[in-house]
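Participant: Sharing a structure below in structure tokens format, with a few things to ask.
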Protein chains: 4
Amino acid sequence: MTAPRKTPDRSRRSARSRRAIFDAALALIGEVGYAATTIEGIAAKAGVGKQTIYRWWPSKAAVLLDAFLDLGDQAAMAAGADDRASAIPDSGDLEADLKLVLRATVDELGDPKYDLPFRALAAEGAVNEDLGVEVVERLLRPQRQLYVERLRAAREAGQLREDSDLEIAVDLLVSPLAQRWLQRTGPVTHEYAEALVEHVLRGLTR
Amino acid sequence: MTAPRKTPDRSRRSARSRRAIFDAALALIGEVGYAATTIEGIAAKAGVGKQTIYRWWPSKAAVLLDAFLDLGDQAAMAAGADDRASAIPDSGDLEADLKLVLRATVDELGDPKYDLPFRALAAEGAVNEDLGVEVVERLLRPQRQLYVERLRAAREAGQLREDSDLEIAVDLLVSPLAQRWLQRTGPVTHEYAEALVEHVLRGLTR
Amino acid sequence: MTAPRKTPDRSRRSARSRRAIFDAALALIGEVGYAATTIEGIAAKAGVGKQTIYRWWPSKAAVLLDAFLDLGDQAAMAAGADDRASAIPDSGDLEADLKLVLRATVDELGDPKYDLPFRALAAEGAVNEDLGVEVVERLLRPQRQLYVERLRAAREAGQLREDSDLEIAVDLLVSPLAQRWLQRTGPVTHEYAEALVEHVLRGLTR
Amino acid sequence: MTAPRKTPDRSRRSARSRRAIFDAALALIGEVGYAATTIEGIAAKAGVGKQTIYRWWPSKAAVLLDAFLDLGDQAAMAAGADDRASAIPDSGDLEADLKLVLRATVDELGDPKYDLPFRALAAEGAVNEDLGVEVVERLLRPQRQLYVERLRAAREAGQLREDSDLEIAVDLLVSPLAQRWLQRTGPVTHEYAEALVEHVLRGLTR
DNA sequence: CGCTAAACGAGACGGTACGTCCGGTCTTTAA
DNA sequence: TTAAAGACCGGACGTACCGTCTCGTTTAGCG
């Protein structure tokens with residue numbers, strides 16, 4: 001005996017509408033910002049009934065999250081990757097590898113295609129716990145995991161202190177950049193990324 | 001013939017209404033969250049006309065920023081301080097001093113009285129550049145400055161590497177905690193704060 | 001080359017669905033009123049796809065008209081009549097015969113099973129000319145015809161003025177009752193029906 | 001201790017909006033019919049917020065009733081009358097007076113300016129009891145009362161049978177015309193009106 | 001009696017309007 | 001003379017149905 005069906009039948013879902021909604025959502029957020037982006041506006045721009053959005057997503061933020069993840073998938077596909085998350089390179093030189101990756105992150109954060117939607121997601125996730133959890137699970141955690149793995153390799157290679165907490169290590173590398181970008185406390189540049197890596201690895205004390 | 005009045009006359013401002021608006025705003029954000037807090041609701045709860053809010057603040061977020069700063073002032077006054085920002089203690093033991101302050105920060109971030117409004121401000125500031133700048137200038141920068149000063153003292157005392165960038169150093173101490181709290185990527189505890197300080201000061205490498 | 005099929009094949013029509021739709025339609029109108037009765041609701045209650053309704057009827061009102069006519073047929077069948085419209089009795093006493101029939105009409109109008117659907121049909125027909133014509137042709141005209149015939153018999157028997165217009169005579173007997181019921185301008189009772197017949201037959205002047 | 005205010009303050013009501021709403025409502029009903037007339041459409045055409053309609057009227061039908069009564073008032077004013085309902089003339093010749101008035105009613109029912117809105121009101125009132133009562137009280141009863149008074153005068157002048165029920169008498173004069181018009185059971189002409197008066201006054205029997 | 005075309009249930013779709021809520025502006029009223 | 005109170009226009013909210021359009025699944029009738 002099965003529970004009565006509540007959720008819509010995913011198999012009948014229109015792929016065309018899904019695409020149009022993602023495109024419209026990201027376009028609108030880029031054009032008018034997140035707050036001024038409305039579900040009504042997305043539906044109109046996508047040429048889709050409002051109900052088609054409400055049927056599949058619980059909120060504007062959820063649409064944006066899916067649209068953003070889809071954007072990442074597309075980029076990864078275009079880059080020829082099999083799946084979204086590509087591992088951090090391991091050349092043996094930890095410092096160089098981290099600088100490479102963080103410089104790429106700086107570029108990404110500076111790309112308006114990512115900046116506005118990501119900002120909106122981060123902001124909404126900060127305030128809306130349910131969404132925040134989803135953002136962490138589906139977007140942030142996979143990224144962090146790549147760092148954890150690279151750092152673990154380094155630790156096993158004897159390049160890191162054995163008592164290093166890898167979670168804290170990742171925080172040290174990632175949070176300052178993220179925070180600077182999100183709160184606009186300072187410029188987000190390649191130089192900052194590199195200096196950051198150096199300070200983290202060497203520590204502050206003499 | 002006088003020039004047409006543009007800005008309201010600050011001297012005629014009703015202190016009683018100001019207080020009532022702050023109280024109502026913070027109460028509502030605590031009760032129903034930021035998104036569900038409306039100017040209409042604040043006005044109603046404060047027993048104030050909507051126009052009285054629109055006359056003095058450009059947006060809901062601006063009200064909240066002032067209300068939050070006022071909240072900080074009140075707390076500082078209650079603690080007997082002359083002004084809002086009290087310096088980080090300098091016992092000579094940098095590590096101990098930083099742990100003390102960060103543990104206090106953990107406590108503050110865990111206090112619902114601060115958590116919700118601060119979260120709302122951070123989120124809104126991430127997305128709304130004008131507000132973001134104000135938040136940084138009036139709220140974050142003064143706090144950061146205290147760290148900069150304590151760290152500079154330590155560097156001058158020869159306890160820090162001479163090539164340390166103090167801004168980056170502050171970032172390393174503050175951002176991981178802030179990020180963890182804001183994005184909910186992990187628990188925000190005294191233990192985390194202490195381990196953070198240790199990792200930052202000693203660095204990751206052997 | 002054959003013309004493209006436009007109309008559905010009546011022979012394959014599901015009698016079971018037809019019944020279920022009529023039952024559901026009348027039930028819903030009784031429960032929630034005509035305006036709140038929706039095609040979607042009828043389909044759901046009848047356990048029928050929406051398309052099955054749209055395939056056979058052009059509008060909610062058309063469904064109701066058929067359902068109501070079907071209801072009348074059922075009642076007539078139950079009463080043992082061969083067809084729907086049974087003639088007005090001719091006992092020789094016109095006044096008595098008319099009182100009898102109008103009292104029966106009063107009872108019918110007071111029966112909620114007929115009241116609500118009939119009201120809805122009359123109202124919709126007043127506003128929607130196409131439906132109005134159908135209602136008159138299929139529902140009202142057959143009824144009126146029975147009166148015309150009874151009155152013609154009376155006129156031929158010398159009981160009515162020879163210059164009487166039978167259409168007007170029917171109007172005089174039927175409209176006041178119908179109007180009172182439809183517009184609720186007064187109570188619809190046996191007494192009213194009898195007084196009405198008396199006034200119509202004798203005229204107002206001395 | 002007074003109950004909390006629920007209803008809006010009538011004194012602050014905008015006369016300009018009221019007018020614009022009535023004009024838009026009647027225009028739309030004339031252009032697209034009652035069913036296709038929406039509150040949204042009325043608001044848009046009147047250049048008014050939807051809330052301004054919902055604030056003052058509970059339903060589309062209620063707007064229409066007020067608009068229609070206002071239309072009647074305007075017509076009466078234009079005709080130089082002090083109030084809406086002008087008495088039926090009393091020339092001493094009852095038959096002539098009634099024919100005059102019913103011919104005028106025929107003209108009115110044929111005027112599209114009145115036809116469509118009145119039809120919509122009658123239909124809605126048939127189905128919606130609350131509105132129906134309002135329509136009767138505010139629109140129909142005042143009109144009927146004029147007939148009652150004229151007929152009473154005739155009865156007192158010895159022109160009518162003393163046992164005539166005036167309510168029934170009014171029904172006999174008014175309902176057949178109204179019914180014919182509303183249900184479209186036949187043409188609504190001056191000739192019909194005159195024949196109707198004659199039949200009513202003289203009765204059907206020899 | 002088995003094939004096949006149709007009618008069927010289900011329900012997603014692009015839309016329209018609903019009635020509510022709130023944003024900002026403007027007007028009235030009472031202190 | 002200044003707010004409170006609140007009406008106003010505008011517009012998005014999330015919901016309910018509209019009427020159309022697939023989907024697979026009966027089901028009926030012909031071959």
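Letters for chains follow the order of the structure tokens (A, B, ...), residue numbers begin at 1 for each chain, and ligand numbers begin at 1 in the order shown.
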Matching each Cα of chain B to its counterpart in chain A by order, what RMSD results from the least-squares fit?

Facilitator: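 So the superposition leaves a C-alpha RMSD of 1.3 Å.
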
Participant: Using only C-alpha atoms (C1' of nucleotides), I'd like every residue of chain A that has an atom within 9 Å of chain F; please write them out as a list of chain:residue names.

Facilitator: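 Every residue meeting the condition is included here: A:Arg12, A:Thr38, A:Ile39, A:Glu40, A:Gln51, A:Tyr54.
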
Participant: Could you pull the residues within 12 Å of Arg152 in chain A, counting only C-alpha atoms (C1' of nucleotides), minus those fewer than 5 positions along the same chain, as a VMD selection string?

Facilitator: (chain A and resid 88 90 94 145 to 147 157 to 167 169 to 170) or (chain B and resid 204)

Participant: Taking only C-alpha atoms (C1' of nucleotides) into account, which of D:Pro117, D:Ile53, D:Lys45, D:Ala27 comes nearest chain E?

Facilitator: D:Ile53

Participant: Distance limit 12 Å, atoms considered: only C-alpha atoms (C1' of nucleotides). Which chain C residues sit that close to chain E? Return them as a VMD selection string.

Facilitator: chain C and resid 5 7 to 17 40 43 to 44 46 to 53 55 to 56

Participant: Please measure the separation of CA of Ser86 in chain B and CA of Val63 in chain B, giving the value in Å to one decimal.

Facilitator: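 Separation between CA of Ser86 in chain B and CA of Val63 in chain B: 24.5 Å.
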